[in-house]
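Step one of this worksheet: look at the structure below.
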Amino acid sequence: MGYVCGGIGSLVIFPLLFMPWLTVGGWDGRAQANAFGEIKASTVYLNIWSQSGPGLAHLTGVWALSAVVAIVLLAFAIALILRGSSGNVAHVAAATAVVVAVSTVGDVFYLLGKGPELKAMVGFGGDLGGQLGLVARAFAGKGNYPMPGTADTYGTARLTMWALVACVMSILSAGAVLAQWNHNRPRSPRRAV
């Protein structure tokens, strides 16, 4: 039963990898990234006249790719276990369940580390071109020009619900598979001392 629960949990994680996991907001818009490092951003072209606008964040999907490979291997291992195979296949199922959990949690920490880089994409350049963009944005009614003494709200990079659900699911799935694997392992008799 633990193998089935762990397999189903890992299969639920697969579509969650394509959902937004990290979202940021800045002066120039919003950006979000999924587990594979795919970035979707919206902008108000605040830095269009800047000499050097914010650079593009460089995200990789290595953690997500390793999770996908492990999910596929786990699904095949559990299918073989359900057909009656055991032994080494159970070890593969346990190992891949752990890899799914480690990859998912590792991806969350990787994306959190890349949060400032993603936030800089939609940030304010600070040069004269950016200042002109702020003035144009204020005249268009899309925002205020920052003045001393005015209140404003700032946000940092934040994880989405999808990332948190994927992390919890991966840990619970690995726990279920490992519990079943440990329960089914042959025990060696204890020797008297």
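Scheme for the structure tokens: letters A, B, ... for chains in order shown; per-chain residue numbers from 1; ligand numbers from 1 in order shown.
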Near-A:Thr96 list (10 Å; only C-alpha atoms; drop same-chain fewer than 5 positions) as a list in words: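 Everything that qualifies: Ser66, Ala67, Val69, Ala70, Ile71, Val72, Leu73, Leu74, Ala75, Ala77, Ala90, His91, Ala101, Val102, Ala174 and Val177 of chain A.
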Residues from last step as file, N, CA and C atoms, as a PDB file, in the first residue's frame:
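The file below, selection_3.pdb, is the result:
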ATOM      1  N   SER A  66      15.841  16.078 -12.918  1.00  0.00           N
ATOM      2  CA  SER A  66      16.162  14.897 -12.114  1.00  0.00           C
ATOM      3  C   SER A  66      14.921  14.370 -11.407  1.00  0.00           C
ATOM      4  N   ALA A  67      14.025  15.261 -11.009  1.00  0.00           N
ATOM      5  CA  ALA A  67      12.767  14.817 -10.394  1.00  0.00           C
ATOM      6  C   ALA A  67      11.913  14.060 -11.402  1.00  0.00           C
ATOM      7  N   VAL A  69      12.918  12.371 -14.117  1.00  0.00           N
ATOM      8  CA  VAL A  69      13.525  11.059 -14.372  1.00  0.00           C
ATOM      9  C   VAL A  69      13.233  10.110 -13.213  1.00  0.00           C
ATOM     10  N   ALA A  70      13.364  10.608 -11.988  1.00  0.00           N
ATOM     11  CA  ALA A  70      13.099   9.769 -10.821  1.00  0.00           C
ATOM     12  C   ALA A  70      11.623   9.377 -10.735  1.00  0.00           C
ATOM     13  N   ILE A  71      10.719  10.274 -11.096  1.00  0.00           N
ATOM     14  CA  ILE A  71       9.291   9.956 -11.073  1.00  0.00           C
ATOM     15  C   ILE A  71       8.985   8.840 -12.071  1.00  0.00           C
ATOM     16  N   VAL A  72       9.567   8.927 -13.257  1.00  0.00           N
ATOM     17  CA  VAL A  72       9.346   7.883 -14.274  1.00  0.00           C
ATOM     18  C   VAL A  72       9.897   6.543 -13.789  1.00  0.00           C
ATOM     19  N   LEU A  73      11.111   6.541 -13.256  1.00  0.00           N
ATOM     20  CA  LEU A  73      11.702   5.305 -12.747  1.00  0.00           C
ATOM     21  C   LEU A  73      10.888   4.739 -11.581  1.00  0.00           C
ATOM     22  N   LEU A  74      10.399   5.620 -10.720  1.00  0.00           N
ATOM     23  CA  LEU A  74       9.585   5.174  -9.592  1.00  0.00           C
ATOM     24  C   LEU A  74       8.287   4.542 -10.077  1.00  0.00           C
ATOM     25  N   ALA A  75       7.667   5.138 -11.086  1.00  0.00           N
ATOM     26  CA  ALA A  75       6.420   4.582 -11.624  1.00  0.00           C
ATOM     27  C   ALA A  75       6.655   3.188 -12.205  1.00  0.00           C
ATOM     28  N   ALA A  77       9.126   1.118 -11.402  1.00  0.00           N
ATOM     29  CA  ALA A  77       9.478   0.209 -10.307  1.00  0.00           C
ATOM     30  C   ALA A  77       8.228  -0.237  -9.549  1.00  0.00           C
ATOM     31  N   ALA A  90      12.484  -3.182  -5.380  1.00  0.00           N
ATOM     32  CA  ALA A  90      12.073  -2.438  -4.186  1.00  0.00           C
ATOM     33  C   ALA A  90      13.144  -1.427  -3.788  1.00  0.00           C
ATOM     34  N   HIS A  91      14.411  -1.801  -3.944  1.00  0.00           N
ATOM     35  CA  HIS A  91      15.501  -0.865  -3.646  1.00  0.00           C
ATOM     36  C   HIS A  91      15.477   0.317  -4.618  1.00  0.00           C
ATOM     37  N   ALA A 101      12.088  13.413  -3.738  1.00  0.00           N
ATOM     38  CA  ALA A 101      11.959  14.353  -2.615  1.00  0.00           C
ATOM     39  C   ALA A 101      13.141  15.318  -2.555  1.00  0.00           C
ATOM     40  N   VAL A 102      14.344  14.795  -2.700  1.00  0.00           N
ATOM     41  CA  VAL A 102      15.539  15.655  -2.637  1.00  0.00           C
ATOM     42  C   VAL A 102      15.545  16.646  -3.800  1.00  0.00           C
ATOM     43  N   ALA A 174       7.880   9.908  -0.398  1.00  0.00           N
ATOM     44  CA  ALA A 174       9.115   9.201  -0.069  1.00  0.00           C
ATOM     45  C   ALA A 174       8.977   8.472   1.260  1.00  0.00           C
ATOM     46  N   VAL A 177       6.881   5.252   0.658  1.00  0.00           N
ATOM     47  CA  VAL A 177       7.652   4.218  -0.045  1.00  0.00           C
ATOM     48  C   VAL A 177       8.718   3.631   0.869  1.00  0.00           C
TER      49      VAL A 177
END
Residues at most 8 Å from A:Ala157, counting only C-alpha atoms, excluding those fewer than 6 positions away in the same chain, as a PDB file with N, CA and C atoms, in the first residue's frame?
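As written to disk, around_24.pdb reads:
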ATOM      1  N   LEU A  22       7.783  30.274  -8.177  1.00  0.00           N
ATOM      2  CA  LEU A  22       8.340  31.470  -7.560  1.00  0.00           C
ATOM      3  C   LEU A  22       7.764  32.680  -8.281  1.00  0.00           C
ATOM      4  N   THR A  23       7.325  33.653  -7.523  1.00  0.00           N
ATOM      5  CA  THR A  23       6.781  34.864  -8.125  1.00  0.00           C
ATOM      6  C   THR A  23       7.414  36.084  -7.452  1.00  0.00           C
ATOM      7  N   VAL A  24       7.707  37.090  -8.265  1.00  0.00           N
ATOM      8  CA  VAL A  24       8.304  38.328  -7.760  1.00  0.00           C
ATOM      9  C   VAL A  24       7.597  39.510  -8.416  1.00  0.00           C
ATOM     10  N   GLY A  25       7.688  40.641  -7.765  1.00  0.00           N
ATOM     11  CA  GLY A  25       7.150  41.879  -8.314  1.00  0.00           C
ATOM     12  C   GLY A  25       8.165  42.993  -8.129  1.00  0.00           C
ATOM     13  N   LEU A 112      14.640  29.864  -4.673  1.00  0.00           N
ATOM     14  CA  LEU A 112      14.709  30.939  -3.678  1.00  0.00           C
ATOM     15  C   LEU A 112      16.038  31.679  -3.767  1.00  0.00           C
ATOM     16  N   GLY A 115      15.882  34.149  -6.517  1.00  0.00           N
ATOM     17  CA  GLY A 115      14.853  35.178  -6.354  1.00  0.00           C
ATOM     18  C   GLY A 115      15.349  36.595  -6.604  1.00  0.00           C
ATOM     19  N   PRO A 116      16.492  36.998  -6.019  1.00  0.00           N
ATOM     20  CA  PRO A 116      16.975  38.356  -6.280  1.00  0.00           C
ATOM     21  C   PRO A 116      17.295  38.606  -7.756  1.00  0.00           C
ATOM     22  N   LYS A 119      13.996  39.059  -9.419  1.00  0.00           N
ATOM     23  CA  LYS A 119      13.429  40.356  -9.031  1.00  0.00           C
ATOM     24  C   LYS A 119      14.128  41.507  -9.744  1.00  0.00           C
TER      25      LYS A 119
END
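For the pair atom CA of A:Leu17 and atom CA of A:Phe76, the separation is 19.5 Å.
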Counting only C-alpha atoms, the option among A:Ala94, A:Cys5, A:Ala120, A:Leu132 closest to A:Ser50: A:Leu132
Atomic distance atom CA of A:Leu46 - atom CA of A:Gly126, expressed in Å with one decimal: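 Separation of atom CA of A:Leu46 and atom CA of A:Gly126: 10.2 Å.
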Contacts of A:Gly106 at 10 Å (only C-alpha atoms; same-chain gap of 2+ positions) as a ChimeraX atom specification: /A:62-64,67,100-104,108-112,167
